Amino acid sequence: MREPLTLEPTLSDDGLVELRIPSRAEWVGVARLAIAGIASRLQFSIEDIEDLKLAVAEACTNCIQHASESDSIAISCRIQADKLVVTVEDSGQAANHASLAPKQLGEPKVGGLGVFLIRSLMDDVEYELNPGSGTRLTMTKFLRT
């Protein structure tokens with residue numbers, strides 16, 4: 001029997017908000033709304049909130065498109081005084097590492113635009129690829145005062 005999916009964000013005592021959604025396109029909007037609510041509570045600007053929403057949507061979409069055998073996406077937000085660290089991960093087979101590497105300008109290729117977009121919207125982006133357990137994308141957005 002499958003474990004039920006958690007659809008409501010939970011906040012732990014250490015500033016961690018976690019959300020797990022089904023790995024299907026119709027649930028990406030839930031992730032966008034959750035990140036918008038968290039970011040607005042932390043006083044991010046409207047522009048930064050839009051950047052966060054788009055980056056999380058792209059990360060979730062990449063999980064849906066490239067992770068086989070993953071039935072859910074885990075999104076966690078670590079709230080810190082000067083930044084928000086968002087991790088999006090799946091439990092499927094990891095995508096090809098070469099497809100996640102930064103592209104050179106003028107390098108034509110189908111796909112990979114989502115990763116380029118995420119890198120341009122966020123202040124820091126890190127990938128952890130494990131062929132056996134999935135992909136973890138960690139994105140950081142600093143709070144500008």
# chains A, B, ... in the order shown; residues from 1 in each chain; ligands from 1
call {"tool": "select_by_dssp", "arguments": {"residues": "segment 2-89 of chain A", "states": "strand (DSSP E)", "output": "tab-separated table (two decimals) with N, CA and C atoms, in the first residue's frame"}}
result
chain	number	residue	atom	x	y	z
A	10	THR	N	4.01	21.76	5.92
A	10	THR	CA	4.20	21.69	7.36
A	10	THR	C	5.45	22.49	7.72
A	11	LEU	N	5.43	23.14	8.88
A	11	LEU	CA	6.57	23.94	9.33
A	11	LEU	C	7.14	23.29	10.58
A	16	LEU	N	11.84	24.79	8.65
A	16	LEU	CA	11.76	23.95	7.46
A	16	LEU	C	10.29	23.72	7.11
A	17	VAL	N	9.91	24.08	5.88
A	17	VAL	CA	8.57	23.82	5.38
A	17	VAL	C	8.72	22.73	4.32
A	18	GLU	N	7.88	21.68	4.43
A	18	GLU	CA	7.97	20.57	3.49
A	18	GLU	C	6.62	20.33	2.82
A	19	LEU	N	6.69	19.97	1.54
A	19	LEU	CA	5.51	19.69	0.76
A	19	LEU	C	5.84	18.53	-0.19
A	20	ARG	N	4.92	17.58	-0.31
A	20	ARG	CA	5.09	16.48	-1.26
A	20	ARG	C	3.86	16.47	-2.15
A	21	ILE	N	4.11	16.53	-3.48
A	21	ILE	CA	3.02	16.54	-4.45
A	21	ILE	C	3.18	15.36	-5.40
A	22	PRO	N	2.07	14.93	-6.03
A	22	PRO	CA	2.19	13.89	-7.05
A	22	PRO	C	3.04	14.38	-8.22
A	72	SER	N	6.23	10.92	-6.86
A	72	SER	CA	6.01	12.16	-6.14
A	72	SER	C	7.25	13.06	-6.21
A	73	ILE	N	7.02	14.31	-5.89
A	73	ILE	CA	8.08	15.32	-5.84
A	73	ILE	C	8.06	15.91	-4.44
A	74	ALA	N	9.23	15.96	-3.81
A	74	ALA	CA	9.35	16.54	-2.48
A	74	ALA	C	9.95	17.94	-2.61
A	75	ILE	N	9.30	18.91	-1.99
A	75	ILE	CA	9.76	20.29	-2.02
A	75	ILE	C	9.96	20.71	-0.57
A	76	SER	N	11.15	21.18	-0.26
A	76	SER	CA	11.40	21.68	1.09
A	76	SER	C	11.98	23.08	1.01
A	77	CYS	N	11.57	23.91	1.95
A	77	CYS	CA	12.03	25.30	2.02
A	77	CYS	C	12.63	25.53	3.40
A	78	ARG	N	13.91	25.83	3.41
A	78	ARG	CA	14.58	26.15	4.66
A	78	ARG	C	14.61	27.67	4.79
A	79	ILE	N	13.93	28.15	5.83
A	79	ILE	CA	13.82	29.58	6.06
A	79	ILE	C	15.00	30.03	6.93
A	83	LYS	N	17.90	34.44	3.66
A	83	LYS	CA	17.67	33.70	2.41
A	83	LYS	C	16.63	32.61	2.59
A	84	LEU	N	16.18	32.12	1.46
A	84	LEU	CA	15.28	30.98	1.39
A	84	LEU	C	15.98	29.93	0.54
A	85	VAL	N	16.14	28.73	1.09
A	85	VAL	CA	16.78	27.64	0.37
A	85	VAL	C	15.69	26.62	0.04
A	86	VAL	N	15.46	26.42	-1.26
A	86	VAL	CA	14.40	25.54	-1.73
A	86	VAL	C	15.05	24.30	-2.37
A	87	THR	N	14.60	23.13	-1.93
A	87	THR	CA	15.08	21.88	-2.50
A	87	THR	C	13.91	21.15	-3.15
A	88	VAL	N	14.12	20.75	-4.39
A	88	VAL	CA	13.12	19.99	-5.13
A	88	VAL	C	13.78	18.67	-5.50
A	89	GLU	N	13.13	17.56	-5.11
A	89	GLU	CA	13.74	16.27	-5.42
A	89	GLU	C	12.71	15.22	-5.78
call {"tool": "residues_around", "arguments": {"residues": "Asp71 of chain A", "least_positions_apart": "6", "cutoff": "8 Å", "atoms": "only C-alpha atoms", "output": "list in words"}}
result
Pro22, Ser23, Ser91 and Gly92 of chain A
call {"tool": "write_last_selection", "arguments": {"atoms": "C-alpha atoms", "output": "short mmCIF file (atom, residue, chain, number, x, y, z; two decimals), in the first residue's frame"}}
result
data_model
loop_
_atom_site.label_atom_id
_atom_site.label_comp_id
_atom_site.auth_asym_id
_atom_site.auth_seq_id
_atom_site.Cartn_x
_atom_site.Cartn_y
_atom_site.Cartn_z
CA PRO A 22 2.19 13.89 -7.05
CA SER A 23 4.62 13.83 -9.97
CA SER A 91 12.94 9.51 -6.22
CA GLY A 92 13.11 8.27 -9.81
#
call {"tool": "closest_residue", "arguments": {"among": "A:Leu117, A:Val125, A:Ala81, A:Leu42", "to": "Asp14 of chain A", "atoms": "only C-alpha atoms"}}
result
A:Ala81
call {"tool": "closest_residue", "arguments": {"among": "A:Arg32, A:Thr135, A:Gly15, A:Ala67", "to": "Glu50 of chain A", "atoms": "only C-alpha atoms"}}
result
A:Arg32
call {"tool": "residues_around", "arguments": {"residues": "Gly114 of chain A", "least_positions_apart": "5", "cutoff": "9 Å", "atoms": "only C-alpha atoms", "output": "PDB file with C-alpha atoms, in the first residue's frame"}}
result
ATOM      1  CA  ALA A  55      12.080  28.444 -10.694  1.00  0.00           C
ATOM      2  CA  GLU A  58      10.558  24.634 -13.787  1.00  0.00           C
ATOM      3  CA  ALA A  59      12.243  22.343 -11.246  1.00  0.00           C
ATOM      4  CA  THR A  61       8.450  20.171 -14.479  1.00  0.00           C
ATOM      5  CA  ASN A  62      11.986  18.812 -14.937  1.00  0.00           C
ATOM      6  CA  ARG A 119      20.109  29.380 -12.959  1.00  0.00           C
TER       7      ARG A 119
END
call {"tool": "residues_around", "arguments": {"residues": "Leu52 of chain A", "least_positions_apart": "2", "cutoff": "10 Å", "atoms": "only C-alpha atoms", "output": "list in words"}}
result
Arg32, Ile35, Ala36, Ala39, Phe44, Ile46, Glu47, Asp48, Ile49, Glu50, Leu54, Ala55, Val56, Ala57, Glu58, Leu84, Val86, Ile118, Leu121, Met122, Met139, Thr140 and Lys141 of chain A
